[in-house]
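Undergrad: Next up is a structure, given as C-alpha cells.
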Amino acid sequence: MSKPKTIPLRLQKLNVFIKETLHQETKEALTDDGLDIGLCYFNGEDTLVFAGAKSSLYIKTNEEIHIIKGDKKSIGYVRTAKDYHYTNNTRKIQPGDLFYLTTDGFLDQNGGPKDYSFGKKRFIEIISGSYQKELSDQGKVFLRELLNYMGDETQRDDITVMAFKLR
C-alpha cells in the first residue's frame, strides 16, 4: 500500500513516463497530449491525502462542501515541466463524509440557454441537492442534470464522476 507522501510522487512519475513515452520533452514535440487526474489515499483511520493534476476533490461534510484544489499543471503535456512537483493535501475526515471527483469533461460541457460550460457551481449544486441519496441514485441525478443542461449539444470530452464514502 502507498504511503501518503508517495501520492504526489506517483503523479510526478506518471508525468515523466507520459512525456518520455510520447516524446514531449521539448517545445518542438510533434504531439502535446496528457491528462488531468486526482489520487486519494486513506490511512484507514481519519486522514485522507489528495494530490491532483488539474483535478479537484469535493468533500461533502455535515456542514458544507469543501474543495481541495489540485495543482494547476496537468500530466504529460509539453507545458508541464518534467520535474514538476505535485502537492500533498492532507485532511482529517469524519464518518459520513462524501468525496467526489470528476473529469473536466463534465465541468467543461457546453449547454444551457447561453451555451456556457456546466461549471463547478452547478456541480456543487448537484452535490448539495443529492448528497442524502444513495450513491447510485446520486449518479442518476448527475447524469440527468448534465443531459438536461446539454440539450442538443454534443458531448465534447470524456465524462466521469466518481463518488465514494468511507465507513
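Letters for chains follow the order of the C-alpha cells (A, B, ...), residue numbers begin at 1 for each chain, and ligand numbers begin at 1 in the order shown.
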Please, which residues of chain A, numbered as in this document, come out strand (DSSP E or B) from DSSP, as an NGL selection string?

TA: :A and (35 or 37-42 or 47-53 or 57-60 or 65-68 or 71 or 75 or 89-92 or 98-102 or 110-111 or 116-117 or 161-165)

Undergrad: Can I get the residues of stretch 3-78 of chain A within 12 Å of stretch 128-137 of chain A, each with the closest pair of atoms and their distance in Å to one decimal, using only C-alpha atoms, sorted chain first then ascending number, as JSON lines?

TA:
```
{"residue": "A:Tyr58", "atom": "CA", "partner": "A:Ser128", "partner_atom": "CA", "distance": 11.1}
{"residue": "A:Ile59", "atom": "CA", "partner": "A:Tyr131", "partner_atom": "CA", "distance": 10.5}
{"residue": "A:Lys60", "atom": "CA", "partner": "A:Tyr131", "partner_atom": "CA", "distance": 7.6}
{"residue": "A:Thr61", "atom": "CA", "partner": "A:Tyr131", "partner_atom": "CA", "distance": 9.8}
{"residue": "A:Asn62", "atom": "CA", "partner": "A:Tyr131", "partner_atom": "CA", "distance": 10.2}
{"residue": "A:Glu63", "atom": "CA", "partner": "A:Ser128", "partner_atom": "CA", "distance": 10.6}
{"residue": "A:Glu64", "atom": "CA", "partner": "A:Ser128", "partner_atom": "CA", "distance": 8.4}
{"residue": "A:Ile65", "atom": "CA", "partner": "A:Ser128", "partner_atom": "CA", "distance": 7.8}
{"residue": "A:His66", "atom": "CA", "partner": "A:Ser128", "partner_atom": "CA", "distance": 11.4}
```

Undergrad: Residues within 10 Å of stretch 92-94 of chain A, please, as JSON, numbers by chain. Count only C-alpha atoms; anything in the same chain fewer than 2 positions from it doesn't count.

TA: {"A": [42, 45, 46, 47, 48, 49, 59, 61, 62, 90, 96, 97, 98, 166, 167]}

Undergrad: Write the residues of the preceding selection, restricted to C-alpha atoms, as a compact mmCIF listing (two decimals), in the first residue's frame.

TA:
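Everything below was put into selection-v1.txt:
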```
# COMPACT_ATOMS: atom_id res chain seq x y z
CA PHE A 42 -6.98 6.90 3.04
CA GLU A 45 -8.45 5.85 10.35
CA ASP A 46 -9.23 9.54 9.95
CA THR A 47 -6.92 11.02 7.34
CA LEU A 48 -7.28 11.41 3.60
CA VAL A 49 -4.45 12.55 1.35
CA ILE A 59 -15.86 16.80 0.08
CA THR A 61 -19.22 17.14 5.28
CA ASN A 62 -22.09 17.58 7.73
CA THR A 90 -3.96 16.19 3.87
CA GLY A 96 -20.22 10.02 6.69
CA ASP A 97 -18.12 12.44 4.65
CA LEU A 98 -18.72 12.08 0.91
CA LEU A 166 -15.65 5.86 3.81
CA ARG A 167 -17.26 3.98 6.67
```

Undergrad: Residues at most 10 Å from A:Glu25, counting only C-alpha atoms, excluding those fewer than 6 positions away in the same chain, as an MDAnalysis selection string?

TA: chainID A and resid 16 18:19 32 76:82

Undergrad: Which value, in Å to one decimal, gives the distance between atom CA of A:Thr31 and atom CA of A:Leu101?

TA: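 Atom CA of A:Leu101 lies 27.4 Å from atom CA of A:Thr31.
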
Undergrad: Contacts of A:Gln155 at 10 Å or less, counting only C-alpha atoms, minus same-chain residues fewer than 4 places along, as a PyMOL selection string?

TA: chain A and resi 105-106+108-111+147+150+159

Undergrad: Assign secondary structure with DSSP using the backbone only, and return the residues of chain A in helix (DSSP H, G or I) as a ChimeraX atom specification.

TA: /A:4-21,104-108,119-130,135-150

Undergrad: Those same residues, written as a compact mmCIF listing (two decimals), in the first residue's frame with N, CA and C atoms?

TA:
```
# COMPACT_ATOMS: atom_id res chain seq x y z
N PRO A 4 1.28 8.01 2.36
CA PRO A 4 0.71 9.29 1.94
C PRO A 4 1.67 10.17 1.15
N LYS A 5 2.92 10.24 1.56
CA LYS A 5 3.83 11.15 0.88
C LYS A 5 4.19 10.68 -0.53
N THR A 6 3.87 9.43 -0.87
CA THR A 6 4.19 8.97 -2.23
C THR A 6 3.10 9.31 -3.24
N ILE A 7 1.96 9.81 -2.79
CA ILE A 7 0.87 10.12 -3.72
C ILE A 7 1.32 11.15 -4.77
N PRO A 8 1.88 12.30 -4.39
CA PRO A 8 2.33 13.23 -5.43
C PRO A 8 3.49 12.66 -6.25
N LEU A 9 4.29 11.79 -5.65
CA LEU A 9 5.39 11.17 -6.40
C LEU A 9 4.85 10.30 -7.53
N ARG A 10 3.72 9.67 -7.30
CA ARG A 10 3.10 8.87 -8.37
C ARG A 10 2.69 9.76 -9.54
N LEU A 11 2.18 10.95 -9.24
CA LEU A 11 1.85 11.89 -10.31
C LEU A 11 3.11 12.35 -11.04
N GLN A 12 4.16 12.61 -10.29
CA GLN A 12 5.42 13.04 -10.90
C GLN A 12 5.98 11.95 -11.83
N LYS A 13 5.93 10.71 -11.37
CA LYS A 13 6.43 9.60 -12.20
C LYS A 13 5.58 9.41 -13.44
N LEU A 14 4.27 9.56 -13.31
CA LEU A 14 3.38 9.45 -14.46
C LEU A 14 3.65 10.58 -15.45
N ASN A 15 3.91 11.78 -14.95
CA ASN A 15 4.24 12.92 -15.81
C ASN A 15 5.49 12.61 -16.64
N VAL A 16 6.53 12.13 -15.99
CA VAL A 16 7.77 11.78 -16.70
C VAL A 16 7.52 10.67 -17.70
N PHE A 17 6.78 9.64 -17.30
CA PHE A 17 6.50 8.50 -18.19
C PHE A 17 5.77 8.95 -19.45
N ILE A 18 4.74 9.77 -19.30
CA ILE A 18 3.97 10.24 -20.47
C ILE A 18 4.86 11.10 -21.36
N LYS A 19 5.59 12.03 -20.77
CA LYS A 19 6.45 12.91 -21.56
C LYS A 19 7.50 12.11 -22.34
N GLU A 20 8.11 11.12 -21.69
CA GLU A 20 9.14 10.32 -22.37
C GLU A 20 8.53 9.39 -23.40
N THR A 21 7.42 8.75 -23.07
CA THR A 21 6.78 7.81 -23.98
C THR A 21 6.30 8.51 -25.25
N ASP A 104 -12.68 16.93 -16.29
CA ASP A 104 -13.02 18.26 -16.79
C ASP A 104 -14.10 18.20 -17.87
N GLY A 105 -14.30 17.04 -18.47
CA GLY A 105 -15.34 16.90 -19.48
C GLY A 105 -16.72 17.21 -18.93
N PHE A 106 -16.96 16.88 -17.68
CA PHE A 106 -18.25 17.21 -17.05
C PHE A 106 -18.35 18.72 -16.84
N LEU A 107 -17.33 19.29 -16.23
CA LEU A 107 -17.36 20.71 -15.89
C LEU A 107 -17.32 21.61 -17.12
N ASP A 108 -16.65 21.18 -18.17
CA ASP A 108 -16.48 22.00 -19.37
C ASP A 108 -17.57 21.79 -20.42
N GLY A 119 -19.74 23.93 -15.45
CA GLY A 119 -19.08 24.64 -14.37
C GLY A 119 -19.13 24.00 -13.00
N LYS A 120 -18.24 24.49 -12.14
CA LYS A 120 -18.13 23.98 -10.77
C LYS A 120 -19.33 24.35 -9.92
N LYS A 121 -19.88 25.54 -10.14
CA LYS A 121 -21.02 25.99 -9.33
C LYS A 121 -22.19 25.02 -9.48
N ARG A 122 -22.52 24.65 -10.71
CA ARG A 122 -23.63 23.71 -10.93
C ARG A 122 -23.28 22.33 -10.37
N PHE A 123 -22.02 21.92 -10.51
CA PHE A 123 -21.57 20.64 -9.98
C PHE A 123 -21.80 20.60 -8.47
N ILE A 124 -21.42 21.66 -7.79
CA ILE A 124 -21.60 21.75 -6.34
C ILE A 124 -23.09 21.78 -5.98
N GLU A 125 -23.89 22.44 -6.80
CA GLU A 125 -25.34 22.46 -6.55
C GLU A 125 -25.93 21.05 -6.62
N ILE A 126 -25.42 20.22 -7.54
CA ILE A 126 -25.90 18.84 -7.62
C ILE A 126 -25.54 18.09 -6.34
N ILE A 127 -24.30 18.27 -5.88
CA ILE A 127 -23.89 17.62 -4.63
C ILE A 127 -24.82 18.07 -3.50
N SER A 128 -25.02 19.38 -3.39
CA SER A 128 -25.86 19.92 -2.31
C SER A 128 -27.28 19.38 -2.34
N GLY A 129 -27.80 19.16 -3.54
CA GLY A 129 -29.17 18.72 -3.66
C GLY A 129 -29.38 17.22 -3.63
N SER A 130 -28.29 16.45 -3.70
CA SER A 130 -28.47 14.99 -3.81
C SER A 130 -27.66 14.18 -2.80
N LEU A 135 -25.48 6.56 -3.27
CA LEU A 135 -24.54 6.98 -4.30
C LEU A 135 -25.03 6.62 -5.70
N SER A 136 -25.62 5.45 -5.87
CA SER A 136 -26.12 5.06 -7.19
C SER A 136 -27.21 6.02 -7.67
N ASP A 137 -28.05 6.48 -6.76
CA ASP A 137 -29.09 7.45 -7.12
C ASP A 137 -28.49 8.83 -7.40
N GLN A 138 -27.43 9.18 -6.69
CA GLN A 138 -26.75 10.43 -6.98
C GLN A 138 -26.20 10.41 -8.40
N GLY A 139 -25.66 9.26 -8.81
CA GLY A 139 -25.14 9.13 -10.17
C GLY A 139 -26.21 9.43 -11.20
N LYS A 140 -27.42 8.96 -10.95
CA LYS A 140 -28.54 9.23 -11.86
C LYS A 140 -28.87 10.72 -11.90
N VAL A 141 -28.77 11.38 -10.75
CA VAL A 141 -29.03 12.82 -10.69
C VAL A 141 -27.97 13.57 -11.50
N PHE A 142 -26.70 13.22 -11.33
CA PHE A 142 -25.63 13.87 -12.09
C PHE A 142 -25.88 13.71 -13.59
N LEU A 143 -26.21 12.49 -14.01
CA LEU A 143 -26.44 12.23 -15.43
C LEU A 143 -27.65 13.02 -15.94
N ARG A 144 -28.74 12.99 -15.21
CA ARG A 144 -29.94 13.70 -15.64
C ARG A 144 -29.68 15.20 -15.76
N GLU A 145 -29.02 15.78 -14.75
CA GLU A 145 -28.74 17.22 -14.77
C GLU A 145 -27.83 17.59 -15.93
N LEU A 146 -26.82 16.76 -16.19
CA LEU A 146 -25.92 17.04 -17.30
C LEU A 146 -26.65 16.96 -18.64
N LEU A 147 -27.41 15.89 -18.84
CA LEU A 147 -28.14 15.73 -20.10
C LEU A 147 -29.15 16.87 -20.31
N ASN A 148 -29.84 17.26 -19.26
CA ASN A 148 -30.77 18.40 -19.37
C ASN A 148 -30.03 19.67 -19.75
N TYR A 149 -28.86 19.87 -19.16
CA TYR A 149 -28.08 21.08 -19.44
C TYR A 149 -27.54 21.06 -20.87
N MET A 150 -27.09 19.89 -21.31
CA MET A 150 -26.52 19.78 -22.66
C MET A 150 -27.55 20.09 -23.74
```

Undergrad: Interatomic distance between atom CA of A:Lys69 and atom CA of A:Ala53?

TA: 9.0 Å
